[in-house]
file structure.cif (mmCIF, C-alpha atoms; chains and numbers go by the auth columns)
data_start
loop_
_atom_site.group_PDB
_atom_site.id
_atom_site.type_symbol
_atom_site.label_atom_id
_atom_site.label_comp_id
_atom_site.label_asym_id
_atom_site.label_seq_id
_atom_site.Cartn_x
_atom_site.Cartn_y
_atom_site.Cartn_z
_atom_site.B_iso_or_equiv
_atom_site.auth_seq_id
_atom_site.auth_asym_id
ATOM 1 C CA MET A 1 67.086 68.096 24.707 0.00 197 A
ATOM 2 C CA ARG A 2 70.633 68.238 23.378 0.00 198 A
ATOM 3 C CA VAL A 3 72.734 71.014 24.911 0.00 199 A
ATOM 4 C CA LEU A 4 76.008 72.476 23.712 0.00 200 A
ATOM 5 C CA VAL A 5 77.980 73.126 26.917 0.00 201 A
ATOM 6 C CA ILE A 6 80.802 75.666 26.653 0.00 202 A
ATOM 7 C CA SER A 7 82.983 77.597 29.049 0.00 203 A
ATOM 8 C CA ASP A 8 85.962 79.932 29.219 0.00 204 A
ATOM 9 C CA ILE A 9 85.757 81.341 25.707 0.00 205 A
ATOM 10 C CA HIS A 10 88.123 84.117 26.782 0.00 206 A
ATOM 11 C CA ALA A 11 87.630 86.468 23.852 0.00 207 A
ATOM 12 C CA ASN A 12 88.728 83.894 21.260 0.00 208 A
ATOM 13 C CA ILE A 13 86.172 84.168 18.464 0.00 209 A
ATOM 14 C CA THR A 14 88.080 81.808 16.178 0.00 210 A
ATOM 15 C CA ALA A 15 87.870 78.962 18.685 0.00 211 A
ATOM 16 C CA LEU A 16 84.228 79.743 19.455 0.00 212 A
ATOM 17 C CA ASP A 17 83.219 79.662 15.795 0.00 213 A
ATOM 18 C CA ALA A 18 85.178 76.423 15.322 0.00 214 A
ATOM 19 C CA ILE A 19 83.256 74.542 18.013 0.00 215 A
ATOM 20 C CA ILE A 20 79.925 75.973 16.847 0.00 216 A
ATOM 21 C CA ASN A 21 80.669 74.683 13.350 0.00 217 A
ATOM 22 C CA ASP A 22 82.054 71.370 14.633 0.00 218 A
ATOM 23 C CA ALA A 23 79.294 70.492 17.090 0.00 219 A
ATOM 24 C CA PRO A 24 76.581 67.982 16.175 0.00 220 A
ATOM 25 C CA PRO A 25 72.986 69.278 16.186 0.00 221 A
ATOM 26 C CA TYR A 26 71.855 70.799 19.475 0.00 222 A
ATOM 27 C CA ASP A 27 68.750 72.512 20.829 0.00 223 A
ATOM 28 C CA ALA A 28 70.212 74.868 23.422 0.00 224 A
ATOM 29 C CA VAL A 29 73.485 76.333 24.678 0.00 225 A
ATOM 30 C CA TRP A 30 74.661 76.545 28.282 0.00 226 A
ATOM 31 C CA CYS A 31 77.661 78.854 28.667 0.00 227 A
ATOM 32 C CA LEU A 32 79.472 78.629 32.005 0.00 228 A
ATOM 33 C CA GLY A 33 81.138 82.033 31.973 0.00 229 A
ATOM 34 C CA ASP A 34 84.330 83.919 31.157 0.00 230 A
ATOM 35 C CA LEU A 35 83.332 85.145 27.742 0.00 231 A
ATOM 36 C CA VAL A 36 86.164 87.711 27.914 0.00 232 A
ATOM 37 C CA GLY A 37 89.709 87.972 29.240 0.00 233 A
ATOM 38 C CA TYR A 38 93.081 86.850 27.826 0.00 234 A
ATOM 39 C CA GLY A 39 92.035 87.028 24.169 0.00 235 A
ATOM 40 C CA PRO A 40 91.644 89.763 21.528 0.00 236 A
ATOM 41 C CA ASP A 41 87.946 89.465 20.586 0.00 237 A
ATOM 42 C CA PRO A 42 85.761 90.389 23.585 0.00 238 A
ATOM 43 C CA ASN A 43 83.011 92.183 21.670 0.00 239 A
ATOM 44 C CA ASP A 44 82.799 89.577 18.921 0.00 240 A
ATOM 45 C CA CYS A 45 82.483 86.750 21.455 0.00 241 A
ATOM 46 C CA ILE A 46 79.774 88.433 23.509 0.00 242 A
ATOM 47 C CA GLU A 47 77.773 89.245 20.403 0.00 243 A
ATOM 48 C CA ARG A 48 78.196 85.716 19.001 0.00 244 A
ATOM 49 C CA VAL A 49 77.128 84.069 22.251 0.00 245 A
ATOM 50 C CA GLN A 50 73.992 86.204 22.439 0.00 246 A
ATOM 51 C CA ARG A 51 72.853 84.827 19.088 0.00 247 A
ATOM 52 C CA LEU A 52 73.080 81.175 20.187 0.00 248 A
ATOM 53 C CA PRO A 53 69.774 79.295 20.563 0.00 249 A
ATOM 54 C CA GLU A 54 67.977 78.880 23.903 0.00 250 A
ATOM 55 C CA LEU A 55 70.929 80.390 25.717 0.00 251 A
ATOM 56 C CA LEU A 56 71.642 80.108 29.421 0.00 252 A
ATOM 57 C CA CYS A 57 74.784 82.049 30.297 0.00 253 A
ATOM 58 C CA LEU A 58 76.686 82.683 33.528 0.00 254 A
ATOM 59 C CA ILE A 59 79.124 85.396 34.509 0.00 255 A
ATOM 60 C CA GLY A 60 82.732 84.436 35.233 0.00 256 A
ATOM 61 C CA ASN A 61 85.498 86.130 37.202 0.00 257 A
ATOM 62 C CA HIS A 62 87.049 87.738 34.101 0.00 258 A
ATOM 63 C CA ASP A 63 83.637 88.998 33.041 0.00 259 A
ATOM 64 C CA LYS A 64 83.140 90.564 36.468 0.00 260 A
ATOM 65 C CA ALA A 65 86.609 92.101 36.319 0.00 261 A
ATOM 66 C CA ALA A 66 85.838 93.601 32.918 0.00 262 A
ATOM 67 C CA LEU A 67 82.888 95.332 34.575 0.00 263 A
ATOM 68 C CA GLY A 68 85.108 96.646 37.373 0.00 264 A
ATOM 69 C CA GLU A 69 83.465 94.369 39.955 0.00 265 A
ATOM 70 C CA ILE A 70 86.706 92.512 40.799 0.00 266 A
ATOM 71 C CA PRO A 71 89.908 94.516 41.370 0.00 267 A
ATOM 72 C CA LEU A 72 92.866 93.994 39.050 0.00 268 A
ATOM 73 C CA SER A 73 94.946 93.069 42.108 0.00 269 A
ATOM 74 C CA ARG A 74 93.183 89.685 42.180 0.00 270 A
ATOM 75 C CA PHE A 75 94.894 88.750 38.895 0.00 271 A
ATOM 76 C CA ASN A 76 98.499 88.179 37.861 0.00 272 A
ATOM 77 C CA ARG A 77 100.129 90.993 35.916 0.00 273 A
ATOM 78 C CA ASP A 78 99.451 89.647 32.428 0.00 274 A
ATOM 79 C CA ALA A 79 95.836 88.799 33.173 0.00 275 A
ATOM 80 C CA GLY A 80 95.320 92.165 34.851 0.00 276 A
ATOM 81 C CA ASP A 81 96.755 93.973 31.826 0.00 277 A
ATOM 82 C CA VAL A 82 94.261 92.169 29.586 0.00 278 A
ATOM 83 C CA VAL A 83 91.393 93.005 31.956 0.00 279 A
ATOM 84 C CA ALA A 84 92.328 96.699 31.783 0.00 280 A
ATOM 85 C CA TRP A 85 92.490 96.530 27.985 0.00 281 A
ATOM 86 C CA THR A 86 89.135 94.723 27.861 0.00 282 A
ATOM 87 C CA GLN A 87 87.520 97.387 30.035 0.00 283 A
ATOM 88 C CA ARG A 88 88.547 99.996 27.471 0.00 284 A
ATOM 89 C CA GLU A 89 87.498 97.918 24.449 0.00 285 A
ATOM 90 C CA LEU A 90 84.075 96.695 25.508 0.00 286 A
ATOM 91 C CA LYS A 91 81.082 98.355 23.905 0.00 287 A
ATOM 92 C CA ASP A 92 78.478 99.714 26.292 0.00 288 A
ATOM 93 C CA GLU A 93 75.828 97.303 25.043 0.00 289 A
ATOM 94 C CA ASN A 94 78.144 94.345 25.649 0.00 290 A
ATOM 95 C CA LYS A 95 78.925 95.544 29.170 0.00 291 A
ATOM 96 C CA ALA A 96 75.181 95.766 29.698 0.00 292 A
ATOM 97 C CA PHE A 97 74.781 92.137 28.598 0.00 293 A
ATOM 98 C CA LEU A 98 77.469 90.956 31.019 0.00 294 A
ATOM 99 C CA GLN A 99 75.715 92.826 33.819 0.00 295 A
ATOM 100 C CA THR A 100 72.574 90.740 33.255 0.00 296 A
ATOM 101 C CA LEU A 101 74.352 87.411 33.773 0.00 297 A
ATOM 102 C CA PRO A 102 73.772 85.446 37.003 0.00 298 A
ATOM 103 C CA ASN A 103 76.400 83.779 39.209 0.00 299 A
ATOM 104 C CA LYS A 104 74.568 80.452 39.305 0.00 300 A
ATOM 105 C CA ILE A 105 71.627 78.781 37.571 0.00 301 A
ATOM 106 C CA GLN A 106 69.482 75.838 38.686 0.00 302 A
ATOM 107 C CA VAL A 107 67.894 74.124 35.699 0.00 303 A
ATOM 108 C CA GLU A 108 66.198 70.725 35.608 0.00 304 A
ATOM 109 C CA GLY A 109 68.577 68.373 37.480 0.00 305 A
ATOM 110 C CA PHE A 110 71.627 70.585 37.034 0.00 306 A
ATOM 111 C CA THR A 111 73.420 73.322 38.927 0.00 307 A
ATOM 112 C CA LEU A 112 75.410 75.617 36.628 0.00 308 A
ATOM 113 C CA ALA A 113 78.294 77.648 38.061 0.00 309 A
ATOM 114 C CA HIS A 114 81.458 79.135 36.673 0.00 310 A
ATOM 115 C CA GLY A 115 83.715 78.158 39.559 0.00 311 A
ATOM 116 C CA SER A 116 81.823 75.855 41.917 0.00 312 A
ATOM 117 C CA PRO A 117 78.327 75.492 43.361 0.00 313 A
ATOM 118 C CA ASN A 118 79.626 76.694 46.747 0.00 314 A
ATOM 119 C CA GLN A 119 81.612 79.663 45.377 0.00 315 A
ATOM 120 C CA PRO A 120 80.185 80.285 41.920 0.00 316 A
ATOM 121 C CA VAL A 121 82.664 82.853 40.625 0.00 317 A
ATOM 122 C CA TRP A 122 86.085 82.015 42.027 0.00 318 A
ATOM 123 C CA GLU A 123 86.566 78.516 43.504 0.00 319 A
ATOM 124 C CA TYR A 124 88.404 75.926 41.394 0.00 320 A
ATOM 125 C CA ILE A 125 87.311 72.279 41.550 0.00 321 A
ATOM 126 C CA LEU A 126 90.546 70.483 40.753 0.00 322 A
ATOM 127 C CA ASP A 127 90.680 67.603 43.226 0.00 323 A
ATOM 128 C CA PRO A 128 88.370 65.115 44.973 0.00 324 A
ATOM 129 C CA THR A 129 88.576 66.956 48.312 0.00 325 A
ATOM 130 C CA THR A 130 87.179 70.172 46.823 0.00 326 A
ATOM 131 C CA ALA A 131 84.658 68.153 44.842 0.00 327 A
ATOM 132 C CA ASP A 132 83.469 66.458 48.059 0.00 328 A
ATOM 133 C CA ARG A 133 82.865 69.803 49.768 0.00 329 A
ATOM 134 C CA ASN A 134 80.681 70.804 46.843 0.00 330 A
ATOM 135 C CA PHE A 135 78.880 67.473 46.665 0.00 331 A
ATOM 136 C CA ASP A 136 77.919 67.945 50.327 0.00 332 A
ATOM 137 C CA GLU A 137 76.015 71.130 49.444 0.00 333 A
ATOM 138 C CA LEU A 138 74.882 70.258 45.925 0.00 334 A
ATOM 139 C CA GLU A 139 71.170 70.905 45.427 0.00 335 A
ATOM 140 C CA LYS A 140 70.892 68.871 42.222 0.00 336 A
ATOM 141 C CA ASP A 141 72.255 65.528 41.043 0.00 337 A
ATOM 142 C CA TYR A 142 74.697 67.205 38.658 0.00 338 A
ATOM 143 C CA ALA A 143 76.842 70.320 38.545 0.00 339 A
ATOM 144 C CA LEU A 144 78.389 71.839 35.422 0.00 340 A
ATOM 145 C CA VAL A 145 81.386 74.090 36.092 0.00 341 A
ATOM 146 C CA GLY A 146 84.241 75.775 34.235 0.00 342 A
ATOM 147 C CA HIS A 147 86.973 78.148 35.468 0.00 343 A
ATOM 148 C CA SER A 148 89.893 75.679 35.627 0.00 344 A
ATOM 149 C CA HIS A 149 90.173 75.326 31.825 0.00 345 A
ATOM 150 C CA LEU A 150 90.541 71.577 32.436 0.00 346 A
ATOM 151 C CA PRO A 151 88.084 68.912 31.235 0.00 347 A
ATOM 152 C CA LEU A 152 87.223 67.013 34.424 0.00 348 A
ATOM 153 C CA ILE A 153 84.573 64.646 35.748 0.00 349 A
ATOM 154 C CA PHE A 154 84.103 63.913 39.458 0.00 350 A
ATOM 155 C CA HIS A 155 81.666 61.232 40.594 0.00 351 A
ATOM 156 C CA ARG A 156 80.315 60.425 44.061 0.00 352 A
ATOM 157 C CA PRO A 157 77.809 57.563 43.644 0.00 353 A
ATOM 158 C CA PHE A 158 76.757 57.389 47.309 0.00 354 A
ATOM 159 C CA ASP A 159 76.376 60.056 49.976 0.00 355 A
ATOM 160 C CA ASP A 160 78.725 58.194 52.327 0.00 356 A
ATOM 161 C CA SER A 161 81.397 57.631 49.658 0.00 357 A
ATOM 162 C CA PHE A 162 84.182 59.919 48.422 0.00 358 A
ATOM 163 C CA ALA A 163 84.502 61.749 45.118 0.00 359 A
ATOM 164 C CA MET A 164 86.364 59.929 42.364 0.00 360 A
ATOM 165 C CA LEU A 165 88.007 61.427 39.290 0.00 361 A
ATOM 166 C CA ARG A 166 86.647 59.797 36.157 0.00 362 A
ATOM 167 C CA PRO A 167 88.718 59.476 32.962 0.00 363 A
ATOM 168 C CA ILE A 168 87.821 61.620 29.963 0.00 364 A
ATOM 169 C CA LEU A 169 86.779 59.520 26.967 0.00 365 A
ATOM 170 C CA TRP A 170 86.996 61.923 24.049 0.00 366 A
ATOM 171 C CA GLY A 171 84.297 61.528 21.432 0.00 367 A
ATOM 172 C CA GLU A 172 82.551 58.737 23.350 0.00 368 A
ATOM 173 C CA ILE A 173 79.073 59.059 24.795 0.00 369 A
ATOM 174 C CA MET A 174 79.112 58.516 28.560 0.00 370 A
ATOM 175 C CA ALA A 175 76.035 57.685 30.616 0.00 371 A
ATOM 176 C CA LEU A 176 75.515 60.079 33.530 0.00 372 A
ATOM 177 C CA SER A 177 74.989 58.705 37.009 0.00 373 A
ATOM 178 C CA PRO A 178 74.262 60.796 40.136 0.00 374 A
ATOM 179 C CA LYS A 179 76.132 62.561 41.551 0.00 375 A
ATOM 180 C CA MET A 180 78.597 64.179 39.155 0.00 376 A
ATOM 181 C CA ILE A 181 80.491 67.428 38.696 0.00 377 A
ATOM 182 C CA LEU A 182 81.405 67.913 35.047 0.00 378 A
ATOM 183 C CA ASN A 183 83.731 70.463 33.438 0.00 379 A
ATOM 184 C CA PRO A 184 83.689 70.770 29.612 0.00 380 A
ATOM 185 C CA GLY A 185 87.144 72.383 29.511 0.00 381 A
ATOM 186 C CA SER A 186 87.934 75.672 27.810 0.00 382 A
ATOM 187 C CA VAL A 187 86.912 76.850 24.369 0.00 383 A
ATOM 188 C CA GLY A 188 89.415 79.681 24.064 0.00 384 A
ATOM 189 C CA GLN A 189 92.394 78.785 26.257 0.00 385 A
ATOM 190 C CA PRO A 190 92.735 75.051 27.067 0.00 386 A
ATOM 191 C CA ARG A 191 95.216 74.183 29.824 0.00 387 A
ATOM 192 C CA ASP A 192 95.381 70.403 29.645 0.00 388 A
ATOM 193 C CA GLY A 193 98.228 70.205 27.127 0.00 389 A
ATOM 194 C CA ASP A 194 95.891 69.950 24.135 0.00 390 A
ATOM 195 C CA PRO A 195 95.517 73.249 22.237 0.00 391 A
ATOM 196 C CA ARG A 196 92.266 72.256 20.521 0.00 392 A
ATOM 197 C CA ALA A 197 89.083 73.949 21.707 0.00 393 A
ATOM 198 C CA SER A 198 87.206 71.836 24.255 0.00 394 A
ATOM 199 C CA TYR A 199 83.443 71.502 24.761 0.00 395 A
ATOM 200 C CA ALA A 200 80.717 68.978 25.552 0.00 396 A
ATOM 201 C CA ILE A 201 77.331 67.793 24.365 0.00 397 A
ATOM 202 C CA LEU A 202 74.780 67.017 27.079 0.00 398 A
ATOM 203 C CA ASP A 203 71.612 65.047 26.344 0.00 399 A
ATOM 204 C CA THR A 204 69.118 65.763 29.129 0.00 400 A
ATOM 205 C CA GLU A 205 66.666 63.082 27.930 0.00 401 A
ATOM 206 C CA ASP A 206 69.088 60.173 27.537 0.00 402 A
ATOM 207 C CA MET A 207 71.261 61.621 30.344 0.00 403 A
ATOM 208 C CA THR A 208 74.545 61.346 28.460 0.00 404 A
ATOM 209 C CA TRP A 209 77.677 63.479 28.211 0.00 405 A
ATOM 210 C CA GLU A 210 80.088 63.612 25.271 0.00 406 A
ATOM 211 C CA MET A 211 83.430 65.433 25.467 0.00 407 A
ATOM 212 C CA ARG A 212 84.668 66.809 22.144 0.00 408 A
ATOM 213 C CA ARG A 213 87.627 68.792 20.715 0.00 409 A
ATOM 214 C CA SER A 214 87.860 71.085 17.712 0.00 410 A
ATOM 215 C CA VAL A 215 90.898 72.291 15.783 0.00 411 A
ATOM 216 C CA TYR A 216 90.991 76.032 15.082 0.00 412 A
ATOM 217 C CA ASN A 217 93.361 78.565 13.510 0.00 413 A
ATOM 218 C CA ILE A 218 95.600 79.367 16.480 0.00 414 A
ATOM 219 C CA LYS A 219 98.016 81.437 14.411 0.00 415 A
ATOM 220 C CA ALA A 220 95.268 83.870 13.463 0.00 416 A
ATOM 221 C CA VAL A 221 94.373 84.408 17.132 0.00 417 A
ATOM 222 C CA GLN A 222 98.017 84.850 18.094 0.00 418 A
ATOM 223 C CA SER A 223 98.401 87.492 15.414 0.00 419 A
ATOM 224 C CA ARG A 224 95.418 89.440 16.762 0.00 420 A
ATOM 225 C CA ILE A 225 96.725 89.193 20.339 0.00 421 A
ATOM 226 C CA LEU A 226 100.044 90.740 19.344 0.00 422 A
ATOM 227 C CA LYS A 227 98.428 93.342 17.087 0.00 423 A
ATOM 228 C CA ALA A 228 96.269 94.468 20.013 0.00 424 A
ATOM 229 C CA GLY A 229 99.365 94.914 22.158 0.00 425 A
ATOM 230 C CA LEU A 230 98.341 92.224 24.636 0.00 426 A
ATOM 231 C CA PRO A 231 100.986 90.257 26.591 0.00 427 A
ATOM 232 C CA GLU A 232 102.984 87.907 24.368 0.00 428 A
ATOM 233 C CA ARG A 233 102.553 85.106 26.908 0.00 429 A
ATOM 234 C CA GLN A 234 98.853 84.945 26.097 0.00 430 A
ATOM 235 C CA SER A 235 99.803 84.234 22.500 0.00 431 A
ATOM 236 C CA ILE A 236 102.504 81.651 23.233 0.00 432 A
ATOM 237 C CA ARG A 237 100.401 79.548 25.580 0.00 433 A
ATOM 238 C CA LEU A 238 97.761 78.799 22.924 0.00 434 A
ATOM 239 C CA ASP A 239 100.201 76.626 20.930 0.00 435 A
ATOM 240 C CA ALA A 240 100.800 74.161 23.753 0.00 436 A
ATOM 241 C CA GLY A 241 97.511 74.360 25.611 0.00 437 A
ATOM 242 C CA TRP A 242 98.685 75.616 29.001 0.00 438 A
#
call {"tool": "encode", "arguments": {"input": "structure.cif", "output": "structure tokens"}}
result
Amino acid sequence: MRVLVISDIHANITALDAIINDAPPYDAVWCLGDLVGYGPDPNDCIERVQRLPELLCLIGNHDKAALGEIPLSRFNRDAGDVVAWTQRELKDENKAFLQTLPNKIQVEGFTLAHGSPNQPVWEYILDPTTADRNFDELEKDYALVGHSHLPLIFHRPFDDSFAMLRPILWGEIMALSPKMILNPGSVGQPRDGDPRASYAILDTEDMTWEMRRSVYNIKAVQSRILKAGLPERQSIRLDAGW
């Protein structure tokens, strides 16, 4: 089975549509959370994601905040302002969809979590030390995570070894080898210095992983952010990918 793996859409329908159109053929979609937050299109993104084939979808911290389950005080001022705006904008049926989403999913040989397997909603896996703590408790050979907005691959080949950060080879098919923690990066707000939307293709039969990028119309999203009265910083950051 070929799986389109996406995360951190953050209410950016233009980026989401770009990767859907750019992606090679796939059988299913695994979405690792944060459909909303930061961007101007929360309802469009939720409705678009629901139409994707064979969908598995997690809840992220911004999704929980949009439902009032995480206080605004947990966010910086700009992010909190967008959460408050999103709470007002969300349709009831889209809130209801978010409420159905789990924190973590175990499927085949994979653990899916927004933040980390140990702390599914909020923990960032950014370094080998944090990766090692999660490898120690990992129930499957592989974990797919988002949250950091950074495309990352950590590998610990032996239980008595330490986690290593693997390089990202864009557009190349990489063979998977237990145990790995893989992050496809962010669709709607990349933070690795590359403004293009980031995603991955997972082949669960051949056990391969391909990291991909897609160009999208950033100016159109920036215009909608400003028109909605959202913080200007959320518009500016899309140009540089931070």
call {"tool": "closest_residue", "arguments": {"input": "structure.cif", "among": "A:Ser344, A:Ser269, A:Glu401, A:Ile364", "to": "Trp438 in chain A", "atoms": "all atoms listed in the file"}}
result
A:Ser344
call {"tool": "residues_around", "arguments": {"input": "structure.cif", "residues": "range 326-336 of chain A", "least_positions_apart": "2", "cutoff": "7 Å", "atoms": "all atoms listed in the file", "output": "list in words"}}
result
Gly305, Phe306, Thr307, Pro313, Asn314, Ile321, Leu322, Asp323, Pro324, Tyr338, Phe350, Phe358 and Ala359 of chain A
call {"tool": "atom_distance", "arguments": {"input": "structure.cif", "atom1": "CA of Gln430 in chain A", "atom2": "CA of Leu361 in chain A"}}
result
29.1 Å
call {"tool": "closest_residue", "arguments": {"input": "structure.cif", "among": "A:Leu251, A:Leu231, A:Ser382, A:Asp399", "to": "Leu434 in chain A", "atoms": "only C-alpha atoms"}}
result
A:Ser382
call {"tool": "atom_distance", "arguments": {"input": "structure.cif", "atom1": "CA of Asn217 in chain A", "atom2": "CA of Ser312 in chain A"}}
result
28.6 Å
call {"tool": "resolve_selection", "arguments": {"input": "structure.cif", "expression": "the PyMOL selection byres ((chain A and resi 232) around 6)", "output": "VMD selection string"}}
result
chain A and resid 206 to 207 230 to 231 233 238 259
call {"tool": "resolve_selection", "arguments": {"input": "structure.cif", "expression": "the PyMOL selection byres ((chain A and resi 263) around 9)", "output": "PyMOL selection string"}}
result
chain A and resi 258-262+264-266+283+291+294-295
call {"tool": "write_last_selection", "arguments": {"input": "structure.cif", "atoms": "C-alpha atoms", "output": "PDB file, keeping the file's coordinate frame"}}
result
ATOM      1  CA  HIS A 258      87.049  87.738  34.101  1.00  0.00           C
ATOM      2  CA  ASP A 259      83.637  88.998  33.041  1.00  0.00           C
ATOM      3  CA  LYS A 260      83.140  90.564  36.468  1.00  0.00           C
ATOM      4  CA  ALA A 261      86.609  92.101  36.319  1.00  0.00           C
ATOM      5  CA  ALA A 262      85.838  93.601  32.918  1.00  0.00           C
ATOM      6  CA  GLY A 264      85.108  96.646  37.373  1.00  0.00           C
ATOM      7  CA  GLU A 265      83.465  94.369  39.955  1.00  0.00           C
ATOM      8  CA  ILE A 266      86.706  92.512  40.799  1.00  0.00           C
ATOM      9  CA  GLN A 283      87.520  97.387  30.035  1.00  0.00           C
ATOM     10  CA  LYS A 291      78.925  95.544  29.170  1.00  0.00           C
ATOM     11  CA  LEU A 294      77.469  90.956  31.019  1.00  0.00           C
ATOM     12  CA  GLN A 295      75.715  92.826  33.819  1.00  0.00           C
TER      13      GLN A 295
END
call {"tool": "resolve_selection", "arguments": {"input": "structure.cif", "expression": "the PyMOL selection byres ((chain A and resi 204) around 10)", "output": "ChimeraX atom specification"}}
result
/A:202-203,205-208,212,227-233,256,258,310,342-345,380-386,394-395
call {"tool": "residues_near_point", "arguments": {"input": "structure.cif", "point": "(89.4, 75.8, 15.9)", "cutoff": "6 Å", "atoms": "only C-alpha atoms", "output": "VMD selection string"}}
result
chain A and resid 211 214 410 to 413
call {"tool": "atom_distance", "arguments": {"input": "structure.cif", "atom1": "CA of Arg273 in chain A", "atom2": "CA of Leu426 in chain A"}}
result
11.5 Å
call {"tool": "closest_residue", "arguments": {"input": "structure.cif", "among": "A:Thr296, A:Arg284, A:Asp240, A:Ile397", "to": "Val199 in chain A", "atoms": "all atoms listed in the file"}}
result
A:Ile397
call {"tool": "closest_residue", "arguments": {"input": "structure.cif", "among": "A:Gly235, A:Pro316, A:Pro353, A:Pro374", "to": "Arg433 in chain A", "atoms": "all atoms listed in the file"}}
result
A:Gly235
call {"tool": "closest_residue", "arguments": {"input": "structure.cif", "among": "A:Arg409, A:Lys423, A:Asp288, A:Glu304", "to": "Ile215 in chain A", "atoms": "all atoms listed in the file"}}
result
A:Arg409
call {"tool": "residues_near_point", "arguments": {"input": "structure.cif", "point": "(99.2, 78.0, 24.1)", "cutoff": "12 Å", "atoms": "only C-alpha atoms", "output": "ChimeraX atom specification"}}
result
/A:234-235,384-393,414-415,417-418,428-438
